[in-house]
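Below is the file model.tsv, which contains TSV, C-alpha atoms.
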chain	number	residue	atom	x	y	z
A	1	MET	CA	63.13	206.79	209.88
A	2	LYS	CA	64.31	206.73	213.51
A	3	ASN	CA	61.95	203.85	214.29
A	4	LEU	CA	63.25	201.85	211.32
A	5	ASP	CA	66.83	202.41	212.49
A	6	ASP	CA	65.86	201.36	216.02
A	7	ARG	CA	64.34	198.13	214.74
A	8	TYR	CA	67.39	197.38	212.61
A	9	PHE	CA	69.90	197.93	215.41
A	10	MET	CA	67.75	196.00	217.89
A	11	SER	CA	67.61	193.07	215.47
A	12	ARG	CA	71.42	193.16	215.41
A	13	ALA	CA	71.44	193.03	219.22
A	14	ILE	CA	69.11	190.00	219.17
A	15	GLU	CA	71.38	188.16	216.74
A	16	LEU	CA	74.40	188.90	218.92
A	17	ALA	CA	72.56	187.59	221.99
A	18	LYS	CA	72.04	184.22	220.30
A	19	ASN	CA	75.79	183.61	220.48
A	20	GLY	CA	75.32	182.91	224.18
A	21	ILE	CA	72.79	180.09	223.68
A	22	GLY	CA	73.59	177.12	225.89
A	23	ALA	CA	76.19	178.96	228.00
A	24	THR	CA	74.36	181.52	230.18
A	25	LYS	CA	72.45	179.12	232.50
A	26	THR	CA	70.04	181.16	234.68
A	27	ASN	CA	71.24	184.44	233.15
A	28	PRO	CA	69.37	185.87	230.15
A	29	LEU	CA	70.55	186.00	226.55
A	30	VAL	CA	71.58	189.60	225.94
A	31	GLY	CA	73.15	191.38	223.00
A	32	CYS	CA	74.17	195.02	222.74
A	33	VAL	CA	74.96	197.43	219.89
A	34	ILE	CA	76.32	200.96	220.36
A	35	VAL	CA	75.68	203.45	217.56
A	36	SER	CA	77.09	206.91	216.89
A	37	ASN	CA	76.04	209.04	213.91
A	38	GLY	CA	74.33	206.03	212.33
A	39	LYS	CA	77.44	203.86	212.57
A	40	ILE	CA	77.93	200.81	214.81
A	41	ILE	CA	80.96	201.54	217.01
A	42	GLY	CA	80.72	198.71	219.53
A	43	VAL	CA	79.08	195.30	219.90
A	44	GLY	CA	78.91	192.71	222.64
A	45	TYR	CA	76.90	189.88	224.13
A	46	HIS	CA	76.72	187.96	227.40
A	47	LYS	CA	79.05	185.06	226.71
A	48	VAL	CA	79.07	182.83	229.79
A	49	PHE	CA	77.16	182.60	233.06
A	50	GLY	CA	78.77	184.91	235.63
A	51	SER	CA	80.88	186.85	233.11
A	52	CYS	CA	80.62	190.48	231.93
A	53	HIS	CA	77.24	191.56	230.65
A	54	ALA	CA	76.54	192.50	227.04
A	55	GLU	CA	76.53	196.27	227.67
A	56	VAL	CA	79.97	196.22	229.28
A	57	ASN	CA	81.36	194.03	226.50
A	58	ALA	CA	79.99	196.42	223.86
A	59	ILE	CA	81.40	199.46	225.69
A	60	ASN	CA	84.81	197.79	226.01
A	61	ASP	CA	84.69	196.85	222.32
A	62	ALA	CA	84.07	200.48	221.33
A	63	LYS	CA	86.79	201.82	223.62
A	64	THR	CA	89.29	199.26	222.36
A	65	LYS	CA	88.68	200.70	218.88
A	66	GLY	CA	89.26	204.23	220.21
A	67	GLU	CA	85.64	205.30	219.69
A	68	ASN	CA	84.06	208.19	221.60
A	69	LEU	CA	80.90	207.06	223.44
A	70	ASP	CA	79.77	210.56	224.42
A	71	GLY	CA	76.33	211.13	222.84
A	72	ALA	CA	76.01	207.58	221.46
A	73	THR	CA	72.87	205.40	221.44
A	74	LEU	CA	72.96	201.96	223.08
A	75	TYR	CA	70.63	199.17	221.92
A	76	VAL	CA	70.04	196.18	224.22
A	77	ASN	CA	67.32	193.53	224.13
A	78	LEU	CA	66.89	193.44	227.94
A	79	GLU	CA	66.83	196.20	230.56
A	80	PRO	CA	70.32	196.97	231.93
A	81	CYS	CA	70.85	195.72	235.47
A	82	SER	CA	70.94	198.16	238.37
A	83	HIS	CA	72.26	195.96	241.18
A	84	TYR	CA	75.50	194.32	242.25
A	85	GLY	CA	75.46	190.61	241.49
A	86	LYS	CA	78.35	188.69	239.97
A	87	THR	CA	79.17	191.94	238.13
A	88	PRO	CA	78.63	195.68	238.84
A	89	PRO	CA	75.46	197.47	237.58
A	90	CYS	CA	75.42	198.01	233.83
A	91	ALA	CA	73.21	201.09	234.24
A	92	ASP	CA	75.98	202.84	236.18
A	93	ARG	CA	78.54	202.05	233.49
A	94	ILE	CA	76.23	203.44	230.78
A	95	ILE	CA	75.81	206.67	232.76
A	96	GLU	CA	79.55	206.89	233.38
A	97	GLU	CA	80.30	206.65	229.65
A	98	ARG	CA	77.91	209.58	228.92
A	99	ILE	CA	75.74	207.62	226.51
A	100	THR	CA	72.69	209.81	225.88
A	101	ARG	CA	70.07	207.40	224.56
A	102	VAL	CA	69.23	203.79	225.42
A	103	VAL	CA	66.79	201.63	223.43
A	104	ILE	CA	65.51	198.50	225.22
A	105	GLY	CA	63.54	195.52	223.96
A	106	ASN	CA	62.09	194.13	227.21
A	107	CYS	CA	61.95	195.12	230.85
A	108	ASP	CA	63.72	192.62	233.11
A	109	PRO	CA	61.21	190.79	235.39
A	110	PHE	CA	63.97	189.90	237.88
A	111	GLU	CA	62.93	191.57	241.14
A	112	LYS	CA	66.32	193.24	241.70
A	113	VAL	CA	66.01	194.99	238.33
A	114	SER	CA	62.33	195.19	237.23
A	115	GLY	CA	62.27	198.81	236.05
A	116	ARG	CA	65.01	200.06	238.35
A	117	GLY	CA	67.59	200.07	235.58
A	118	ILE	CA	65.33	202.18	233.37
A	119	GLU	CA	64.56	204.52	236.27
A	120	ARG	CA	68.25	205.01	237.08
A	121	LEU	CA	69.04	205.84	233.44
A	122	ARG	CA	66.18	208.34	233.17
A	123	ASN	CA	67.12	209.97	236.48
A	124	ALA	CA	70.57	210.55	235.00
A	125	GLY	CA	68.99	212.44	232.07
A	126	ILE	CA	69.33	209.63	229.54
A	127	GLU	CA	66.55	209.23	226.97
A	128	VAL	CA	65.14	205.70	227.28
A	129	GLU	CA	62.79	203.93	224.87
A	130	VAL	CA	61.29	200.53	225.71
A	131	GLY	CA	59.47	197.93	223.61
A	132	ILE	CA	61.35	197.95	220.30
A	133	LEU	CA	60.91	194.45	218.77
A	134	LYS	CA	59.29	193.44	222.05
A	135	GLU	CA	57.85	190.12	220.83
A	136	GLU	CA	61.11	189.03	219.20
A	137	CYS	CA	62.99	189.85	222.41
A	138	GLU	CA	60.46	187.90	224.50
A	139	LYS	CA	60.84	184.86	222.26
A	140	LEU	CA	64.63	185.07	222.53
A	141	ASN	CA	64.47	184.85	226.33
A	142	GLU	CA	61.47	182.55	226.78
A	143	ARG	CA	63.45	180.23	229.08
A	144	TYR	CA	64.70	183.13	231.24
A	145	PHE	CA	61.26	184.72	231.59
A	146	THR	CA	59.73	181.35	232.55
A	147	TYR	CA	62.49	180.72	235.09
A	148	ILE	CA	61.98	184.13	236.73
A	149	LYS	CA	58.17	184.36	236.55
A	150	ASN	CA	57.28	180.71	237.30
A	151	ASN	CA	60.25	180.01	239.58
A	152	ARG	CA	61.18	176.82	237.70
A	153	PRO	CA	63.09	175.75	234.58
A	154	PHE	CA	61.64	176.17	231.10
A	155	VAL	CA	60.84	172.64	229.90
A	156	VAL	CA	60.88	171.52	226.25
A	157	LEU	CA	59.38	168.11	225.51
A	158	LYS	CA	61.12	166.51	222.52
A	159	SER	CA	60.01	163.21	221.06
A	160	GLY	CA	60.74	161.27	217.87
A	161	MET	CA	57.85	159.02	216.90
A	162	THR	CA	56.02	157.14	214.17
A	163	ILE	CA	53.00	158.60	212.45
A	164	ASP	CA	50.83	156.66	214.92
A	165	GLY	CA	52.60	158.14	217.93
A	166	LYS	CA	54.95	155.28	218.88
A	167	ILE	CA	58.52	155.73	220.11
A	168	ALA	CA	59.46	152.03	220.02
A	169	THR	CA	58.18	148.59	219.10
A	170	ARG	CA	56.67	146.31	221.74
A	171	THR	CA	60.17	144.87	222.24
A	172	TYR	CA	61.47	148.43	222.88
A	173	GLU	CA	63.46	148.67	219.64
A	174	SER	CA	63.70	152.36	218.77
A	175	GLN	CA	66.91	152.94	216.80
A	176	TRP	CA	66.15	154.57	214.50
A	177	ILE	CA	62.58	155.81	213.97
A	178	THR	CA	63.35	159.30	212.69
A	179	SER	CA	65.78	160.44	209.99
A	180	GLU	CA	69.43	161.31	210.52
A	181	GLU	CA	68.60	164.97	209.85
A	182	SER	CA	65.99	164.99	212.62
A	183	ARG	CA	68.43	163.38	215.03
A	184	LYS	CA	71.06	166.02	214.22
A	185	PHE	CA	68.53	168.76	214.93
A	186	SER	CA	67.68	167.02	218.21
A	187	HIS	CA	71.32	167.33	219.22
A	188	GLU	CA	71.12	171.03	218.44
A	189	LEU	CA	68.16	171.29	220.83
A	190	ARG	CA	70.27	169.56	223.48
A	191	GLY	CA	73.01	172.13	223.09
A	192	MET	CA	70.51	174.94	223.61
A	193	CYS	CA	69.41	173.70	227.05
A	194	ASP	CA	71.04	173.54	230.48
A	195	ALA	CA	69.98	169.94	231.08
A	196	ILE	CA	68.50	166.83	229.45
A	197	MET	CA	66.02	164.82	231.50
A	198	VAL	CA	65.03	161.16	231.10
A	199	GLY	CA	63.40	158.50	233.24
A	200	ILE	CA	65.13	155.42	234.59
A	201	ASN	CA	63.37	153.13	232.07
A	202	THR	CA	65.06	154.98	229.19
A	203	VAL	CA	68.46	154.49	230.84
A	204	LEU	CA	67.87	150.78	231.54
A	205	LYS	CA	66.60	150.01	228.02
A	206	ASP	CA	68.81	152.26	225.86
A	207	ASP	CA	71.88	153.02	228.01
A	208	PRO	CA	72.21	156.48	226.38
A	209	THR	CA	75.11	158.89	226.79
A	210	LEU	CA	72.90	162.02	226.58
A	211	ASN	CA	75.63	164.32	225.29
A	212	VAL	CA	75.82	166.61	222.25
A	213	ARG	CA	77.38	165.15	219.13
A	214	ALA	CA	76.08	167.49	216.39
A	215	GLY	CA	74.68	170.95	215.78
A	216	ARG	CA	75.73	174.57	216.22
A	217	TYR	CA	75.92	174.45	220.01
A	218	PRO	CA	78.68	172.11	221.21
A	219	HIS	CA	77.94	172.69	224.91
A	220	SER	CA	76.86	169.41	226.53
A	221	PRO	CA	74.16	169.96	229.17
A	222	ALA	CA	73.78	168.33	232.57
A	223	ARG	CA	72.01	164.96	232.55
A	224	ILE	CA	69.03	164.41	234.85
A	225	ILE	CA	67.81	160.88	235.55
A	226	VAL	CA	64.50	160.44	237.38
A	227	ASP	CA	64.93	157.24	239.38
A	228	SER	CA	62.77	156.94	242.50
A	229	ARG	CA	64.34	153.66	243.71
A	230	LEU	CA	67.90	154.00	242.31
A	231	ARG	CA	67.71	151.16	239.83
A	232	ILE	CA	70.45	152.75	237.73
A	233	SER	CA	73.74	150.90	237.34
A	234	PRO	CA	76.91	152.78	238.37
A	235	SER	CA	78.38	151.66	235.03
A	236	ALA	CA	75.62	153.35	232.98
A	237	LYS	CA	77.06	155.48	230.17
A	238	VAL	CA	75.11	158.50	231.36
A	239	LEU	CA	77.18	158.52	234.57
A	240	SER	CA	80.58	158.44	232.86
A	241	LYS	CA	83.09	160.76	234.51
A	242	ASP	CA	84.53	161.51	231.07
A	243	LEU	CA	81.43	163.43	229.96
A	244	GLU	CA	81.61	167.22	229.91
A	245	ASN	CA	78.91	168.02	232.46
A	246	ILE	CA	77.45	166.56	235.65
A	247	ALA	CA	74.83	163.84	236.07
A	248	ILE	CA	71.98	164.49	238.50
A	249	ILE	CA	70.00	161.51	239.78
A	250	ALA	CA	66.66	162.45	241.32
A	251	THR	CA	65.48	159.86	243.82
A	252	THR	CA	63.45	159.54	247.05
A	253	GLU	CA	63.97	158.53	250.68
A	254	ASN	CA	62.80	155.01	249.73
A	255	CYS	CA	65.71	154.47	247.36
A	256	ASN	CA	68.24	151.64	247.49
A	257	ARG	CA	70.54	152.92	250.28
A	258	GLU	CA	73.50	150.75	249.34
A	259	LYS	CA	73.32	152.08	245.79
A	260	PHE	CA	72.94	155.61	247.17
A	261	GLU	CA	76.27	155.35	248.97
A	262	ILE	CA	78.04	154.05	245.86
A	263	LEU	CA	76.59	156.67	243.52
A	264	SER	CA	77.19	159.55	245.95
A	265	LYS	CA	80.94	158.87	245.83
A	266	MET	CA	81.17	158.87	242.05
A	267	GLU	CA	82.91	161.71	240.23
A	268	ASN	CA	80.56	164.20	238.48
A	269	VAL	CA	77.47	162.44	239.89
A	270	ASN	CA	75.00	164.23	242.16
A	271	VAL	CA	72.27	162.23	243.90
A	272	VAL	CA	69.38	164.47	244.97
A	273	ILE	CA	66.70	163.31	247.41
A	274	VAL	CA	63.31	164.82	246.55
A	275	LYS	CA	59.83	164.41	247.96
A	276	GLU	CA	57.76	161.41	246.96
A	277	LYS	CA	54.38	161.59	245.26
A	278	ASN	CA	52.36	158.46	244.49
A	279	LYS	CA	55.51	156.39	245.16
A	280	MET	CA	57.36	158.34	242.47
A	281	VAL	CA	59.63	161.37	242.37
A	282	ASP	CA	57.66	164.56	243.06
A	283	LEU	CA	58.45	166.40	239.84
A	284	ARG	CA	57.52	169.83	241.15
A	285	ASP	CA	59.87	169.39	244.08
A	286	LEU	CA	62.57	168.26	241.65
A	287	MET	CA	62.14	171.43	239.57
A	288	ASP	CA	62.62	173.45	242.76
A	289	LYS	CA	65.72	171.53	243.82
A	290	LEU	CA	67.38	172.04	240.43
A	291	LYS	CA	67.92	175.72	241.35
A	292	ILE	CA	71.12	174.83	243.19
A	293	PHE	CA	72.56	173.65	239.85
A	294	ASN	CA	71.65	176.91	238.02
A	295	ILE	CA	69.43	175.05	235.56
A	296	SER	CA	66.95	177.31	233.77
A	297	SER	CA	66.01	175.07	230.83
A	298	ILE	CA	65.45	171.34	230.36
A	299	LEU	CA	65.07	169.21	227.25
A	300	LEU	CA	62.71	166.42	228.27
A	301	GLU	CA	63.55	163.24	226.34
A	302	GLY	CA	61.45	160.95	228.47
A	303	GLY	CA	59.47	157.86	227.67
A	304	GLY	CA	55.69	157.80	227.77
A	305	SER	CA	55.43	157.60	231.56
A	306	LEU	CA	57.69	160.54	232.41
A	307	ASN	CA	56.29	162.66	229.57
A	308	ALA	CA	52.74	162.10	230.81
A	309	SER	CA	53.72	162.84	234.41
A	310	MET	CA	55.32	166.14	233.42
A	311	LEU	CA	52.25	167.08	231.39
A	312	ARG	CA	49.87	166.21	234.23
A	313	GLU	CA	51.91	168.45	236.53
A	314	LYS	CA	51.71	171.25	233.93
A	315	LEU	CA	55.51	171.48	233.82
A	316	VAL	CA	55.96	171.45	230.02
A	317	ASP	CA	56.21	174.76	228.14
A	318	LYS	CA	57.14	173.81	224.59
A	319	PHE	CA	56.98	170.77	222.28
A	320	TYR	CA	59.06	169.39	219.42
A	321	PHE	CA	57.46	166.31	217.87
A	322	PHE	CA	59.51	164.66	215.10
A	323	ILE	CA	57.11	162.39	213.20
A	324	ALA	CA	58.49	159.73	210.85
A	325	PRO	CA	56.46	158.12	208.03
A	326	LYS	CA	56.37	154.75	209.79
A	327	ILE	CA	53.55	152.76	211.44
A	328	ILE	CA	54.10	150.36	214.35
A	329	GLY	CA	50.59	149.73	215.62
A	330	SER	CA	48.80	149.69	218.96
A	331	ASP	CA	51.23	147.28	220.63
A	332	GLY	CA	54.10	149.78	220.22
A	333	ILE	CA	55.28	152.08	223.02
A	334	SER	CA	53.48	155.42	223.05
A	335	ALA	CA	55.23	158.79	223.24
A	336	ILE	CA	52.76	159.96	225.89
A	337	GLY	CA	51.53	157.59	228.58
A	338	SER	CA	48.15	157.58	230.28
A	339	MET	CA	46.76	161.05	230.98
A	340	GLY	CA	43.39	159.98	232.39
A	341	ILE	CA	41.57	162.16	229.87
A	342	GLU	CA	37.94	161.17	229.28
A	343	LYS	CA	36.54	164.19	227.44
A	344	LEU	CA	37.91	166.08	224.46
A	345	ASP	CA	37.67	169.41	226.27
A	346	GLU	CA	40.23	168.02	228.72
A	347	ALA	CA	42.77	167.39	225.94
A	348	ILE	CA	45.88	169.57	225.74
A	349	ASP	CA	45.63	172.08	222.90
A	350	LEU	CA	48.98	173.25	221.56
A	351	LYS	CA	49.31	176.94	220.75
A	352	ASP	CA	51.52	178.78	218.25
A	353	VAL	CA	51.83	175.58	216.21
A	354	GLU	CA	54.43	175.45	213.44
A	355	VAL	CA	54.78	172.55	211.00
A	356	THR	CA	57.94	171.99	208.93
A	357	LYS	CA	59.53	169.14	207.00
A	358	ILE	CA	62.93	167.67	207.88
A	359	ALA	CA	64.10	165.13	205.28
A	360	THR	CA	61.31	162.50	205.30
A	361	ASP	CA	59.98	163.57	208.73
A	362	ILE	CA	57.47	166.18	209.85
A	363	LEU	CA	58.37	168.47	212.77
A	364	ILE	CA	55.47	169.87	214.79
A	365	LYS	CA	56.45	172.63	217.19
A	366	GLY	CA	54.06	174.23	219.67
A	367	ARG	CA	53.50	175.61	223.14
A	368	MET	CA	51.26	174.94	226.10
Serialized structure, structure tokens:
Amino acid sequence: MKNLDDRYFMSRAIELAKNGIGATKTNPLVGCVIVSNGKIIGVGYHKVFGSCHAEVNAINDAKTKGENLDGATLYVNLEPCSHYGKTPPCADRIIEERITRVVIGNCDPFEKVSGRGIERLRNAGIEVEVGILKEECEKLNERYFTYIKNNRPFVVLKSGMTIDGKIATRTYESQWITSEESRKFSHELRGMCDAIMVGINTVLKDDPTLNVRAGRYPHSPARIIVDSRLRISPSAKVLSKDLENIAIIATTENCNREKFEILSKMENVNVVIVKEKNKMVDLRDLMDKLKIFNISSILLEGGGSLNASMLREKLVDKFYFFIAPKIIGSDGISAIGSMGIEKLDEAIDLKDVEVTKIATDILIKGRM
């Protein structure tokens, strides 16, 4: 019975954590539920990057209601922190409030925590259980775990295409291949990520805004444009100062210097010089340089060239392919450019594949 209760209350913590989607940047999604005598007396989640953690918010919620925390059980999907960062250690606050049992979904891989929070709680005589709904908790924080373990953002490749894999006609007409419902869901994916990334060809041909205009998550992410020679126009919509977040232009030392000076002075525009590889932006170096912007997740909405480059560098973690019941033919523009694959055993096999229907389209979701 106790295990069933633990699973139920942990599932509540996971649902609470989802309220922070799109707002926590390099911090994890965390929800917390405090229970006394089988009753929930406090709830909280990590709302915004740099703000109070879920455990503190749940404790404050309970105390605001006049609840007694002495002897209560605290459920949290990620190990409580044990270090001073932007906020004090949550483990110390839990000990201070005389909570006697803590149930945790996942250990925190961040080196300043990584078991230390659990150890501190146990040393204080608190009963600690780890691994309740472990897989569900891992899935919730897939972007955070990738960011910490691989030292780079979690990258989701999203592409809307015809049934023969084309994202535009040979004249680059692409509006609209997929259904309105698929496009709305795509905006929801945008709101879940810290940044959207496209190549310069997409900007020159489509002049997109790259903001969020639909879905449950209204947060508009940063906009990353990969442009090795700075061909972008300062009047491009993606660089508008009126948009909610910043634009980041990734370029190289061989860029147009006159354009560099103009763009560098624009409001909400950041021009970042990265290493060059094969006369293009070194994408691995770009992923590293994005740390200064606290970007832990990217929605890749590139054309065939950028998509292929990211795949060749093994920088894509997840895929969303929206496939419309249309056929363009071999002279259309492909979703994935040349990969140099000659044998089938070199092909990329997607894992954990899920197939669903959205209006008239098919959505294929998978992982590397």
Which residues of stretch 51-107 of chain A have any atom within 10 Å of an atom in stretch 9-22 of chain A when counting all atoms listed in the file, and what is the closest pair of atoms for each, with the distance in Å to one decimal? Order the rows by chain and rising number and write it as CSV.
residue,atom,partner,partner_atom,distance
A:Ala54,CA,A:Ala17,CA,8.1
A:Leu74,CA,A:Phe9,CA,9.2
A:Tyr75,CA,A:Met10,CA,5.9
A:Val76,CA,A:Ala13,CA,6.1
A:Asn77,CA,A:Ile14,CA,6.3
A:Leu78,CA,A:Ile14,CA,9.7
A:Val103,CA,A:Met10,CA,8.0
A:Ile104,CA,A:Met10,CA,8.1
A:Gly105,CA,A:Met10,CA,7.4
Just to confirm, what's the straight-line distance from atom CA of A:Pro88 to atom CA of A:Asp6 in Å (one decimal)?
26.8 Å
Residue nearest A:Arg143 - candidates A:Ile200, A:Met192, A:Val113, A:Leu263, atoms counted: all atoms listed in the file:
A:Met192
So, with all atoms listed in the file as the atoms that count, which of A:Phe110, A:Tyr8, A:Tyr147, A:Tyr45 lies closest to A:Met287?
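Checking each candidate against A:Met287, we get A:Tyr147 as the closest.
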Pick out the residues sitting within 12 Å of A:Pro208, and hand them over as a PyMOL selection string; count all atoms listed in the file, and ignore anything fewer than 2 positions along from it in its own chain.
chain A and resi 175+196-206+210-212+223+225+235-240+301-302
How many Å lie between atom CA of A:Lys314 and atom CA of A:Glu342, rounded to one decimal?
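That distance, rounded to one decimal, is 17.7 Å.
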I'd like the neighbourhood of stretch 329-335 of chain A as a list of chain:residue names, where a residue qualifies if any of its atoms comes within 8 Å (using all atoms listed in the file), though same-chain residues fewer than 3 positions away should be ignored.
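Everything that qualifies: A:Ser159, A:Met161, A:Asp164, A:Gly165, A:Lys166, A:Ile167, A:Ala168, A:Thr169, A:Arg170, A:Tyr172, A:Gly303, A:Gly304, A:Asn307.
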Can you work out which one of A:Ile323, A:Leu230, A:Ile248, A:Met266 has the shortest atom-to-atom distance to A:Leu286, counting only C-alpha atoms?
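Residue with the minimum atom-to-atom distance to A:Leu286: A:Ile248.
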Got a sec: who's within 7 Å of A:Cys107, counting only C-alpha atoms, leaving out chain neighbours fewer than 5 positions off, as a list of chain:residue names?
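Everything that qualifies: A:Leu78, A:Glu79, A:Ser114, A:Gly115.
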To one decimal in Å, tell me the separation between atom CA of A:Pro153 and atom CA of A:Lys357.
28.6 Å
For each of A:Val355, A:Arg7, A:Ile95, A:Val56, take the minimum atom-to-atom distance to A:Lys134, counting only C-alpha atoms, then give the residue where this is smallest.
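Among the listed residues, the smallest separation from A:Lys134 belongs to A:Arg7.
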For A:Phe145: contacts at 12 Å, only C-alpha atoms, fewer than 5 positions along chain excluded, given as number ranges by chain
A: 26-29, 78, 106-111, 114, 137-140, 150-154, 296-297, 317
Write out as number ranges by chain which residues come within 7 Å of A:Pro325 when counting all atoms listed in the file, dropping same-chain ones fewer than 5 positions away.
A: 162-163, 361
May I ask which of the residues A:Ala324, A:Val155, A:Cys255, A:Met368 is the closest one to A:Arg183, counting only C-alpha atoms?
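Closest to A:Arg183, using only C-alpha atoms: A:Ala324.
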